[in-house]
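The structure appears right after this line, and notes come after that.
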Amino acid sequence: MKMIDFELSPKIRATKNMIHMFAENAIRPIARQYDEQEHEKPWELFKMVQKVMGSMMGGGLGGAESKEEKSESGEKKPRETNLMTAVTVEEIFWGDAGIALSFPGGGLGGAAVQASGTPEQREKFLARFAGEEPCWGAMAITEPEAGSDTANIKTTAVLDGDEWVLNGEKIFVTSGKSALEDSKGFVVVWATVDRSAGRAGIKPFIVEHGTPGMQITKIEDKMGIRCSDTVSLSFMDCRIPKDNILGSPEVMDKTKTEGFKKVMATFDATRPLVAAMAIGVGRAALDFIKQALAEQGVEIRYGISPNRMTVLEREIMQMEADLKAARLLTWRAVWMLDNGERNDLQASMAKAKAGAAVTRITQKAVELMGPLGYSRECMLEKWMRDSKINDIFEGTGQIQLLITARRVLDFGREQLK
Amino acid sequence: MVSFELSDEQRMVQETVSSFARDQMEPLMRESEESGTIPEEVIAKGWELGLLGGCIPEEYEGFGESLSALTSVIALEELGSGDLAMALHLMSPTVLAYAVMDQGTEEQKKSYLPRFCGEEFVPAACALVEPRYDFCPSALTTTAEREYDEYVLNGKKCLVALAKESELMLAFAATQPGMGFAGVQAFIIPRDTKGLEIGEREKNMGVNALATYPVTFKDCRVPVSAKLGGEEGCDYLRLLSRCRLGLAALAVGMSKRAVQHSRDYARERVAFGEPIGSRQAIAFMIAEMAIEVDATRLLTWEAAWRCDKGIDFCKEAALAKNYAADMAMMVGDRSVQIMGGHGYIRENPVELWFRNARGLAAFEGMVMV
């Protein structure tokens with residue numbers, strides 16, 4: 001029945017409660033430890049997660065889509081796979097962003113294979129995430145001279161017989177070490193097969209762990225999400241099988257950028273999830289500050305006029321409304337995806353709102369706690385550091401505004417640069 | 001199960017009211033604001049939409065089944081996109097009618113609801129806001145003291161829409177001052193009651209097409225039967241929250257229209273050889289405006305959904321209303337800014353949306369869902 005409804009289905013609610021308990025009891029208690037001990041991993045936790053999630057979700061967030069779809073083939077039941085993922089992600093990230101981000105699973109690399117791989121490729125590369133051992137997938141897009149400007153990618157892929165030969169440098173590869181050194185995973189590398197073709201020439205390639213010619217050259221030290229590894233990769237005559245390209249190798253008409261767009265479409269599914277990540281961290285900070293105020297006997301008078309509110313009340317109410325607004329925008333974006341509707345605008349709106357709102361919420365939370373907020377004995381300062389990444393990765397807040405503006409104004413990239 | 005899809009009925013209401021707003025309300029917006037009068041025809045045509053009567057059950061001579069806060073906010077958003085003053089004028093009887101329907105005694109329902117189910121528009125006033133810098137709906141200074149079988153009202157009100165034009169007024173007063181929301185009751189008062197004085201029409205910053213008045217109660221005596229809900233009284237915070245949902249929806253509608261206007265202008269206006277919308281400084285403003293309008297709509301829907309589900313929604317309604325007022329100010333301000341000097345000229349609509357937006361923060365009551 002058509003209706004507006006904000007009640008989570010019993011299935012999602014039950015999962016949400018379960019994940020919350022897990023986040024509270026297994027993740028939160030070790031969150032500080034793995035922030036202070038950067039580059040170390042909670043292996044015990046990962047093994048447990050792999051056992052539970054591997055069987056339940058088909059190998060982490062990136063690979064979540066496939067099983068549901070297959071099992072429901074034939075009957076037309078309303079899907080809520082993406083909503084389930086968004087709700088789950090919020091709970092896990094409420095526990096800790098760094099640890100959650102480094103959970104085993106296909107990640108963005110898995111999502112790309114899922115979105116644009118052939119059935120054979122999916123079978124070959126995604127099965128590993130449902131196995132016994134923790135396993136990771138990663139995505140390598142960014143280069144030292146190409147961040148959000150992905151069309152400017154310089155890494156090359158040249159076909160030589162039955163192999164592609166990759167050459168170039170990649171940076172900011174999330175979980176790159178986990179995928180390539182700590183497990184038998186892979187990385188999806190974006191490279192150009194024809195620089196003169198611009199965006200139409202850019203293709204994604206799957207590179208297996210241990211492939212000669214690929215090397216981890218740097219592991220970054222970061223402001224936040226320290227449990228998650230971020231690496232630089234170098235490719236020197238790195239040879240991969242011809243079949244490891246995602247999508248068609250053809251560089252079509254230069255005006256046609258279908259292949260590029262298809263991979264970019266991965267982001268329509270993952271951007272709302274980054275928003276959900278942000279919301280999880282923001283909620284952690286808001287829960288903390290509200291409890292601290294309650295313990296001090298400070299009451300928030302919700303129904304009173306804005307002209308009678310204290311600064312504290314105004315801040316708390318704005319934080320609450322912002323967080324809720326971000327969550328509702330996120331739910332709308334994933335709901336559209338579940339219903340097969342084009343959601344690129346709504347996905348960008350959700351990420352823009354969530355990234356900005358949560359960056360502000362966590363900063364305000366630190367501010368409202370005075371010197372206590374600045375202390376590493378308290379979690380608030382960590383959440384402020386952790387949350388900032390959500391306004392940056394998978395398209396900065398400004399890129400989201402650009403996408404939103406182009407759609408609202410109905411301007412192409414030439415009319416609005 | 002989470003869904004953002006309007007029901008067929010809601011979709012129909014949305015489309016009907018939207019075209020009424022476009023075709024009937026908006027063309028009259030500027031003239032009404034300048035002259036301070038709303039043409040009767042537009043109100044008569046608006047009444048024909050049956051938005052109010054459609055919510056009153058048949059046993060009280062209406063032609064609807066129930067009142068849905070969600071459907072109401074969807075309708076109000078569209079009305080708000082037409083013109084705020086006209087929307088508040090047309091929907092002024094909702095406060096009294098819905099308050100009676102929601103919390104009135106059976107006797108009150110029977111005697112007051114049928115009058116709003118006729119073919120002609122019947123205004124009704126709501127006296128809630130008070131002319132004080134420190135006004136707060138939780139601390140009303142208008143009092144109602146019980147004396148035997150009467151209540152005696154004393155105090156001053158302002159922003160009472162259509163006070164002179166209405167036969168009935170729903171007045172809010174503290175029966176237990178200092179008790180916050182719990183200490184406030186509502187009274188249904190005929191206009192000609194002794195001690196009820198309606199002042200000269202107010203002059204406000206915006207919504208000048210809407211006739212609003214100051215009202216003074218001086219030992220104004222009403223029978224106990226005038227108290228909404230009878231001996232038990234009413235849940236004031238619930239009524240106030242339903243009004244807040246209505247104001248939030250109007251803010252969404254008005255701001256939605258302002259975003260469309262800004263978008264169209266930014267596409268057409270050429271400066272330095274290209275549309276101003278081709279510059280990120282303008283484009284990003286519009287993107288943020290669009291995001292905030294959507295965000296506010298969803299907050300309002302969620303609170304209204306809670307209301308319909310019977311879950312506590314007062315906090316959510318307050319958050320949505322305050323968020324909506326801030327959003328409307330941001331959107332109004334930027335709509336003016338995007339047009340530059342042209343935005344400041346009264347020939348263009350944006351300056352009116354900006355002035356109207358400020359009112360939404362100060363308004364309480366005035367419309368109900």
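Chain lettering (A, B, ...) mirrors the order of the structure tokens, residue numbering begins at 1 for each chain separately, and ligand numbering begins at 1 in order of display.
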Note to self: At a cut-off of 6 Å, which residues of chain B touch chain A? Count only C-alpha atoms and give the answer as number ranges by chain.
What the structure shows: B: 1-7, 136, 263, 278, 283-284, 287, 291, 295, 315, 318
Check: Using only C-alpha atoms, which residues sit within 12 Å of Arg297 (chain B) once same-chain residues fewer than 3 positions away are excluded, as a VMD selection string?
Finding: (chain A and resid 324 to 326 328 to 329 332) or (chain B and resid 4 70 73 to 74 76 to 78 245 to 256 290 to 294 300 to 305 317 320 to 321 323 to 324 327 to 328)
Next, write the just-selected residues to a file, as a CSV table (one decimal), in the first residue's frame, keeping N, CA and C atoms as the atom set.
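Full text of part31.csv as output:
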chain,number,residue,atom,x,y,z
A,324,LYS,N,18.7,14.5,12.7
A,324,LYS,CA,17.5,13.8,12.2
A,324,LYS,C,17.3,14.1,10.8
A,325,ALA,N,17.4,15.4,10.4
A,325,ALA,CA,17.2,15.8,9.0
A,325,ALA,C,18.2,15.0,8.1
A,326,ALA,N,19.4,14.8,8.5
A,326,ALA,CA,20.4,14.1,7.8
A,326,ALA,C,20.0,12.6,7.6
A,328,LEU,N,17.0,11.4,7.8
A,328,LEU,CA,15.8,11.3,6.9
A,328,LEU,C,16.2,11.4,5.4
A,329,LEU,N,17.1,12.3,5.1
A,329,LEU,CA,17.6,12.5,3.8
A,329,LEU,C,18.3,11.2,3.3
A,332,ARG,N,15.8,8.5,2.7
A,332,ARG,CA,15.1,8.7,1.4
A,332,ARG,C,15.9,8.2,0.2
B,4,PHE,N,8.6,6.6,1.5
B,4,PHE,CA,8.4,8.0,1.2
B,4,PHE,C,7.4,8.3,0.1
B,70,LEU,N,-0.6,14.2,8.4
B,70,LEU,CA,0.3,14.1,7.2
B,70,LEU,C,-0.4,14.7,6.0
B,73,VAL,N,-0.4,18.5,6.3
B,73,VAL,CA,0.9,19.2,6.0
B,73,VAL,C,1.2,19.2,4.5
B,74,ILE,N,0.8,18.1,3.8
B,74,ILE,CA,1.0,18.1,2.4
B,74,ILE,C,0.2,19.2,1.7
B,76,LEU,N,-1.0,21.9,3.2
B,76,LEU,CA,-0.5,23.3,3.6
B,76,LEU,C,0.8,23.6,2.9
B,77,GLU,N,1.7,22.7,2.6
B,77,GLU,CA,2.9,23.0,1.9
B,77,GLU,C,2.5,23.7,0.6
B,78,GLU,N,1.5,23.1,-0.1
B,78,GLU,CA,1.1,23.6,-1.4
B,78,GLU,C,0.5,25.0,-1.3
B,245,LEU,N,3.2,22.1,13.4
B,245,LEU,CA,3.3,21.3,12.2
B,245,LEU,C,2.8,22.1,11.0
B,246,GLY,N,1.6,22.8,11.2
B,246,GLY,CA,1.1,23.6,10.1
B,246,GLY,C,2.0,24.7,9.7
B,247,LEU,N,2.5,25.4,10.6
B,247,LEU,CA,3.4,26.5,10.3
B,247,LEU,C,4.7,26.0,9.6
B,248,ALA,N,5.2,24.9,10.0
B,248,ALA,CA,6.4,24.3,9.4
B,248,ALA,C,6.1,24.0,8.0
B,249,ALA,N,4.9,23.4,7.7
B,249,ALA,CA,4.5,23.0,6.3
B,249,ALA,C,4.4,24.2,5.4
B,250,LEU,N,3.8,25.3,6.0
B,250,LEU,CA,3.7,26.6,5.2
B,250,LEU,C,5.1,27.1,4.9
B,251,ALA,N,6.0,27.0,5.8
B,251,ALA,CA,7.4,27.5,5.6
B,251,ALA,C,8.1,26.7,4.5
B,252,VAL,N,7.8,25.4,4.5
B,252,VAL,CA,8.4,24.5,3.4
B,252,VAL,C,7.9,24.9,2.1
B,253,GLY,N,6.6,25.1,2.0
B,253,GLY,CA,5.9,25.5,0.7
B,253,GLY,C,6.4,26.8,0.2
B,254,MET,N,6.5,27.8,1.1
B,254,MET,CA,6.9,29.1,0.6
B,254,MET,C,8.4,29.1,0.2
B,255,SER,N,9.2,28.4,0.9
B,255,SER,CA,10.6,28.3,0.6
B,255,SER,C,10.8,27.5,-0.7
B,256,LYS,N,10.0,26.5,-0.9
B,256,LYS,CA,10.1,25.7,-2.1
B,256,LYS,C,9.9,26.6,-3.3
B,290,ALA,N,18.0,24.1,-1.6
B,290,ALA,CA,17.2,22.9,-2.0
B,290,ALA,C,17.3,21.8,-1.0
B,291,ILE,N,18.6,21.6,-0.5
B,291,ILE,CA,18.8,20.5,0.5
B,291,ILE,C,18.0,20.8,1.8
B,292,GLU,N,18.0,22.1,2.2
B,292,GLU,CA,17.4,22.4,3.5
B,292,GLU,C,15.8,22.4,3.4
B,293,VAL,N,15.3,22.7,2.2
B,293,VAL,CA,13.9,22.6,2.0
B,293,VAL,C,13.4,21.1,2.1
B,294,ASP,N,14.2,20.3,1.5
B,294,ASP,CA,13.9,18.8,1.6
B,294,ASP,C,14.0,18.3,3.0
B,300,THR,N,9.2,17.6,9.0
B,300,THR,CA,7.7,17.9,9.2
B,300,THR,C,6.9,16.7,9.0
B,301,TRP,N,7.2,15.9,7.9
B,301,TRP,CA,6.4,14.7,7.7
B,301,TRP,C,6.6,13.7,8.8
B,302,GLU,N,7.8,13.6,9.3
B,302,GLU,CA,8.1,12.6,10.4
B,302,GLU,C,7.3,12.9,11.6
B,303,ALA,N,7.3,14.2,12.0
B,303,ALA,CA,6.5,14.6,13.2
B,303,ALA,C,5.0,14.4,13.0
B,304,ALA,N,4.5,14.7,11.8
B,304,ALA,CA,3.1,14.6,11.5
B,304,ALA,C,2.7,13.1,11.5
B,305,TRP,N,3.7,12.3,10.9
B,305,TRP,CA,3.4,10.8,10.9
B,305,TRP,C,3.3,10.3,12.4
B,317,ALA,N,7.6,18.2,16.8
B,317,ALA,CA,6.9,19.3,16.1
B,317,ALA,C,7.6,20.6,16.4
B,320,ALA,N,10.8,20.7,14.4
B,320,ALA,CA,10.5,20.9,13.0
B,320,ALA,C,10.1,22.4,12.7
B,321,LYS,N,9.3,23.0,13.6
B,321,LYS,CA,8.9,24.4,13.5
B,321,LYS,C,10.0,25.3,13.6
B,323,TYR,N,13.2,24.7,13.1
B,323,TYR,CA,14.1,24.4,12.0
B,323,TYR,C,13.5,25.1,10.7
B,324,ALA,N,12.2,24.9,10.6
B,324,ALA,CA,11.5,25.5,9.4
B,324,ALA,C,11.6,27.0,9.4
B,327,MET,N,15.1,27.9,8.4
B,327,MET,CA,15.3,27.5,7.0
B,327,MET,C,14.7,28.6,6.1
B,328,ALA,N,13.5,29.0,6.5
B,328,ALA,CA,12.7,29.9,5.6
B,328,ALA,C,13.5,31.3,5.6
Next item on the list: Can you pull out every residue within 9 Å of Gly117 (chain A), counting only C-alpha atoms, but drop anything in the same chain fewer than 6 positions away, and send it as number ranges by chain?
Entry: A: 245-247
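Put simply, CA of Met12 (chain B) is 26.3 Å away from CA of Ile311 (chain B).
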Checklist line | Who sits within 8 Å of region 187-189 of chain A, only C-alpha atoms, same chain under 3 positions skipped, as a PyMOL selection string | finding: chain A and resi 109+112+137-141+176+179-180+204-209
Next item on the list: Find the residues around region 230-244 of chain A up to 7 Å (only C-alpha atoms counted), leave out those fewer than 6 positions away in its own chain, and share them as a ChimeraX atom specification.
Entry: /A:162-177,205-207,212-220
Checklist line | DSSP-assigned alpha helix (DSSP H) among region 45-199 of chain A, expressed as number ranges by chain | finding: A: 45-57, 64-71, 81-95, 97-101, 107-116, 119-126, 176-180
Check: What does the distance between CA of Glu9 (chain B) and CA of Ile43 (chain B) come to in Å, to one decimal place?
Finding: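 Spanning CA of Glu9 (chain B) to CA of Ile43 (chain B) is a straight-line distance of 22.8 Å.
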